[in-house]
file run_36.cif (mmCIF, C-alpha atoms and all ligand atoms)
data_my_file
#
loop_
_atom_site.label_atom_id
_atom_site.label_comp_id
_atom_site.auth_asym_id
_atom_site.auth_seq_id
_atom_site.Cartn_x
_atom_site.Cartn_y
_atom_site.Cartn_z
CA MET B 1 0.00 0.00 0.00
CA ARG B 2 1.11 3.48 -0.83
CA VAL B 3 0.10 6.20 1.62
CA LEU B 4 0.56 9.86 0.76
CA LEU B 5 0.75 12.73 3.27
CA MET B 6 -0.77 15.72 1.50
CA GLY B 7 -1.67 19.21 2.62
CA ASN B 8 -0.98 22.91 2.38
CA PRO B 9 2.55 24.15 3.14
CA ASN B 10 3.64 24.38 6.79
CA VAL B 11 0.75 22.43 8.31
CA GLY B 12 2.88 19.78 10.04
CA LYS B 13 3.10 17.01 7.42
CA SER B 14 6.78 16.34 8.08
CA VAL B 15 6.33 16.21 11.85
CA ILE B 16 3.49 13.69 11.37
CA PHE B 17 5.72 11.72 8.99
CA ASN B 18 8.41 11.66 11.65
CA ARG B 19 5.94 10.53 14.31
CA LEU B 20 4.61 7.73 12.12
CA THR B 21 7.90 6.44 10.72
CA GLY B 22 10.53 7.52 13.23
CA ILE B 23 12.43 9.16 10.37
CA LYS B 24 13.71 12.56 11.39
CA VAL B 25 13.26 15.35 8.92
CA ILE B 26 14.40 18.91 9.22
CA ALA B 27 11.31 20.89 10.04
CA SER B 28 11.34 24.63 10.23
CA ASN B 29 8.72 27.29 10.31
CA TYR B 30 9.54 28.35 6.81
CA PRO B 31 6.93 27.17 4.28
CA GLY B 32 8.46 25.20 1.46
CA THR B 33 10.77 23.16 3.68
CA THR B 34 9.96 19.93 1.89
CA ILE B 35 11.13 20.54 -1.66
CA GLU B 36 11.57 16.94 -2.70
CA PHE B 37 9.74 14.19 -0.90
CA LEU B 38 10.68 11.62 1.72
CA GLU B 39 9.68 8.01 1.81
CA GLY B 40 9.46 5.70 4.77
CA SER B 41 7.53 2.68 5.84
CA ILE B 42 5.33 1.60 8.69
CA ARG B 43 3.99 -1.78 9.63
CA ILE B 44 0.34 -2.12 10.53
CA ASP B 45 -1.15 -5.53 11.34
CA GLY B 46 1.84 -7.18 9.72
CA LYS B 47 1.32 -5.24 6.52
CA LYS B 48 4.11 -2.98 5.32
CA LEU B 49 2.89 0.39 4.10
CA LYS B 50 4.96 2.82 2.09
CA ILE B 51 4.43 6.31 3.40
CA ILE B 52 5.40 9.44 1.54
CA ASP B 53 5.88 12.97 2.91
CA ALA B 54 4.92 15.27 0.06
CA PRO B 55 5.77 18.96 -0.27
CA GLY B 56 2.94 21.33 0.55
CA THR B 57 0.44 22.40 -2.06
CA TYR B 58 -2.60 24.69 -2.01
CA SER B 59 -4.27 23.04 -4.96
CA LEU B 60 -3.95 20.28 -7.55
CA ILE B 61 -3.01 22.86 -10.15
CA PRO B 62 0.63 23.45 -9.17
CA SER B 63 2.00 26.98 -9.10
CA ASP B 64 5.63 26.20 -8.30
CA LYS B 65 8.16 23.36 -8.35
CA ALA B 66 7.33 22.04 -4.88
CA GLU B 67 3.61 21.97 -5.68
CA GLU B 68 4.37 20.17 -8.92
CA VAL B 69 6.28 17.47 -7.01
CA ALA B 70 3.32 17.03 -4.65
CA VAL B 71 0.73 16.83 -7.42
CA ASN B 72 2.86 14.37 -9.43
CA LEU B 73 3.18 12.13 -6.38
CA LEU B 74 -0.59 11.96 -6.32
CA MET B 75 -1.28 11.75 -10.04
CA ARG B 76 1.49 9.61 -11.48
CA GLU B 77 1.31 6.54 -9.28
CA LYS B 78 -1.49 4.61 -7.68
CA THR B 79 -2.23 5.96 -4.22
CA ASP B 80 -4.12 3.72 -1.81
CA LEU B 81 -4.65 6.27 0.93
CA ILE B 82 -4.31 10.02 1.27
CA ILE B 83 -3.70 11.42 4.72
CA ASN B 84 -4.70 15.03 4.28
CA ILE B 85 -3.12 17.15 7.01
CA VAL B 86 -4.87 20.46 7.53
CA ASP B 87 -4.16 23.43 9.77
CA ALA B 88 -7.07 23.53 12.20
CA THR B 89 -6.65 27.29 12.60
CA ASN B 90 -7.25 27.81 8.91
CA LEU B 91 -9.87 25.27 7.92
CA GLU B 92 -11.55 27.23 5.19
CA ARG B 93 -8.40 27.75 3.16
CA ASN B 94 -7.16 24.21 3.80
CA LEU B 95 -10.38 22.45 2.81
CA TYR B 96 -10.05 23.75 -0.74
CA LEU B 97 -7.40 21.11 -1.44
CA THR B 98 -9.38 18.53 0.54
CA LEU B 99 -12.41 18.96 -1.70
CA GLN B 100 -10.28 18.79 -4.84
CA MET B 101 -8.70 15.54 -3.69
CA ARG B 102 -12.03 14.10 -2.65
CA GLU B 103 -13.03 14.21 -6.32
CA MET B 104 -10.36 11.59 -7.04
CA GLU B 105 -12.24 9.02 -4.98
CA ILE B 106 -9.12 7.71 -3.29
CA PRO B 107 -9.61 6.65 0.35
CA MET B 108 -8.77 9.67 2.49
CA LEU B 109 -8.26 10.52 6.12
CA LEU B 110 -8.54 14.12 7.25
CA ASP B 111 -6.21 15.17 10.05
CA LEU B 112 -6.93 18.43 11.84
CA ASN B 113 -3.45 19.31 13.07
CA MET B 114 -2.34 22.22 15.29
CA ILE B 115 -5.33 21.72 17.54
CA ASP B 116 -3.24 23.29 20.35
CA ILE B 117 -3.02 26.60 18.52
CA ALA B 118 -6.67 26.41 17.49
CA LYS B 119 -7.62 26.01 21.16
CA GLU B 120 -5.46 28.99 22.12
CA GLN B 121 -7.33 31.01 19.52
CA GLY B 122 -10.67 29.85 20.86
CA ILE B 123 -11.44 27.81 17.76
CA GLU B 124 -13.51 24.71 18.41
CA ILE B 125 -14.23 22.28 15.61
CA ASN B 126 -17.15 19.88 15.65
CA THR B 127 -15.32 16.93 14.10
CA THR B 128 -18.42 14.72 14.02
CA ALA B 129 -20.35 17.31 12.01
CA LEU B 130 -17.36 17.92 9.74
CA GLN B 131 -16.93 14.20 9.15
CA GLU B 132 -20.59 13.84 8.22
CA GLU B 133 -20.55 16.91 6.03
CA ILE B 134 -17.55 15.91 3.91
CA GLY B 135 -17.88 12.14 4.17
CA ILE B 136 -14.27 11.56 5.18
CA PRO B 137 -13.04 10.22 8.56
CA VAL B 138 -11.58 13.02 10.69
CA VAL B 139 -8.93 12.87 13.42
CA SER B 140 -7.33 15.66 15.46
CA THR B 141 -3.64 15.95 16.28
CA VAL B 142 -0.96 18.03 17.90
CA ALA B 143 1.96 16.70 15.89
CA ILE B 144 4.67 18.28 18.02
CA SER B 145 3.46 16.57 21.19
CA GLY B 146 2.32 13.35 19.56
CA GLU B 147 -1.30 13.82 20.59
CA GLY B 148 -3.63 11.95 18.23
CA ILE B 149 -0.92 10.00 16.40
CA GLN B 150 -2.33 6.77 17.80
CA GLU B 151 -5.72 7.71 16.33
CA ILE B 152 -4.10 8.15 12.92
CA ARG B 153 -2.64 4.65 13.20
CA GLN B 154 -6.02 3.29 14.20
CA SER B 155 -7.76 4.97 11.28
CA ILE B 156 -5.11 3.63 8.89
CA ARG B 157 -5.69 0.18 10.38
CA LYS B 158 -9.43 0.40 9.70
CA ILE B 159 -8.87 1.49 6.11
CA VAL B 160 -6.22 -1.19 5.49
CA LYS B 161 -8.66 -3.84 6.72
CA ARG B 162 -11.35 -2.85 4.25
N1 LIG W 1 2.02 24.29 17.80
C1 LIG W 1 2.12 23.34 16.88
N2 LIG W 1 3.10 23.40 15.96
C2 LIG W 1 3.19 22.42 15.05
C3 LIG W 1 2.28 21.33 15.02
N3 LIG W 1 2.63 20.53 13.99
C4 LIG W 1 3.69 21.09 13.40
N4 LIG W 1 4.06 22.23 14.03
C5 LIG W 1 5.15 23.16 13.64
O1 LIG W 1 4.82 23.71 12.39
C6 LIG W 1 5.97 23.92 11.57
C7 LIG W 1 5.78 23.24 10.23
O2 LIG W 1 5.82 21.84 10.39
P1 LIG W 1 6.30 20.90 9.19
O3 LIG W 1 6.10 19.50 9.63
O4 LIG W 1 7.62 21.30 8.67
O5 LIG W 1 5.20 21.29 8.11
P2 LIG W 1 5.07 20.74 6.62
O6 LIG W 1 3.62 20.61 6.37
O7 LIG W 1 5.91 19.52 6.42
O8 LIG W 1 5.67 21.96 5.79
P3 LIG W 1 6.16 21.96 4.24
O9 LIG W 1 7.01 20.75 4.03
O10 LIG W 1 6.89 23.24 4.10
O11 LIG W 1 4.93 21.94 3.41
C8 LIG W 1 7.14 23.39 12.39
O12 LIG W 1 7.75 24.48 13.03
C9 LIG W 1 6.49 22.46 13.39
O13 LIG W 1 7.23 22.33 14.57
C10 LIG W 1 1.23 21.30 16.01
O14 LIG W 1 0.37 20.40 16.05
N5 LIG W 1 1.20 22.33 16.91
MG MG W 2 7.32 19.07 5.05
#
call {"tool": "encode", "arguments": {"input": "run_36.cif", "output": "structure tokens"}}
result
Amino acid sequence: MRVLLMGNPNVGKSVIFNRLTGIKVIASNYPGTTIEFLEGSIRIDGKKLKIIDAPGTYSLIPSDKAEEVAVNLLMREKTDLIINIVDATNLERNLYLTLQMREMEIPMLLDLNMIDIAKEQGIEINTTALQEEIGIPVVSTVAISGEGIQEIRQSIRKIVKR
């Protein structure tokens, strides 16, 4: 299985990748950190999954080199699962890409990351309502502390079993 981490720039994809695979990547606050992509693997229920940390993109119509790399990762090879990482403080902008990818009818998991900052800003997200509205399973994470990573694994497990 090939699992792709997709999302806007600077939303925490590489930190999630690190949490899932144990592979350290240089993460900085500067958007566009992931220019090429990184590949790792995780084992779930004895199954080995290839997991790819894509550069950030705002849409499926690339506007620079990094976005082109991300879109090609999605378009040029069969993807079995998209983990779409979104910045919970900026849902509206982030969901644009989500809705574009949903059109592709590839199994997808939506991860609301940076829930810590959202809370600080007084933003509360009704994940059940969101999940029902968009028809995609939703999890919440704080990548830097590891909160919710177990839920991502569990959701992957459910999808792998299907
Ligand atoms: N407070 C907080 N910071 C986070 C969280 N997740 C990631 N960060 C920080 O956000 C910044 C961006 O994280 P990255 O993992 O590099 O983001 P990315 O999506 O891989 O970025 P690009 O590769 O540039 O698209 C880093 O400084 C992280 O430490 C989170 O849940 N909470
Ligand atoms: Mg990155």
call {"tool": "atom_distance", "arguments": {"input": "run_36.cif", "atom1": "atom N5 of ligand LIG 1 (chain W)", "atom2": "CA of Asp87 (chain B)"}}
result
9.0 Å
call {"tool": "residues_near_ligand", "arguments": {"input": "run_36.cif", "ligand": "ligand MG 2 (chain W)", "cutoff": "7 Å", "atoms": "all atoms listed in the file", "output": "NGL selection string"}}
result
:B and (10 or 12-14 or 27 or 33-34 or 53-56)
call {"tool": "closest_residue", "arguments": {"input": "run_36.cif", "among": "B:Ile61, B:Val71, B:Ile117, B:Val139", "to": "ligand LIG 1 (chain W)", "atoms": "only C-alpha atoms and all ligand atoms"}}
result
B:Ile117
call {"tool": "residues_near_ligand", "arguments": {"input": "run_36.cif", "ligand": "ligand LIG 1 (chain W)", "cutoff": "9 Å", "atoms": "only C-alpha atoms and all ligand atoms", "output": "VMD selection string"}}
result
chain B and resid 5 to 18 25 to 37 53 to 57 66 85 to 88 112 to 118 141 to 147
call {"tool": "atom_distance", "arguments": {"input": "run_36.cif", "atom1": "CA of Thr79 (chain B)", "atom2": "CA of Ala129 (chain B)"}}
result
26.8 Å
call {"tool": "closest_residue", "arguments": {"input": "run_36.cif", "among": "B:Leu73, B:Ile136, B:Ile123, B:Leu49", "to": "Arg102 (chain B)", "atoms": "all atoms listed in the file"}}
result
B:Ile136
call {"tool": "residues_around", "arguments": {"input": "run_36.cif", "residues": "Ile152 (chain B)", "least_positions_apart": "3", "cutoff": "8 Å", "atoms": "all atoms listed in the file", "output": "VMD selection string"}}
result
chain B and resid 111 139 148 to 149 155 to 156
call {"tool": "residues_around", "arguments": {"input": "run_36.cif", "residues": "Ile82 (chain B)", "least_positions_apart": "2", "cutoff": "8 Å", "atoms": "only C-alpha atoms", "output": "list in words"}}
result
Val3, Leu4, Leu5, Met6, Thr79, Asp80, Asn84, Ile106, Pro107, Met108 and Leu109 of chain B
call {"tool": "atom_distance", "arguments": {"input": "run_36.cif", "atom1": "CA of Ile125 (chain B)", "atom2": "CA of Leu91 (chain B)"}}
result
9.3 Å
call {"tool": "residues_around", "arguments": {"input": "run_36.cif", "residues": "Arg157 (chain B)", "least_positions_apart": "2", "cutoff": "12 Å", "atoms": "all atoms listed in the file", "output": "ChimeraX atom specification"}}
result
/B:1,42-49,81,109,150-155,159-162
call {"tool": "closest_residue", "arguments": {"input": "run_36.cif", "among": "B:Val138, B:Leu60, B:Met104, B:Leu99", "to": "Lys78 (chain B)", "atoms": "all atoms listed in the file"}}
result
B:Met104
call {"tool": "closest_residue", "arguments": {"input": "run_36.cif", "among": "B:Pro137, B:Arg2, B:Arg76, B:Glu39", "to": "Ile52 (chain B)", "atoms": "only C-alpha atoms"}}
result
B:Glu39
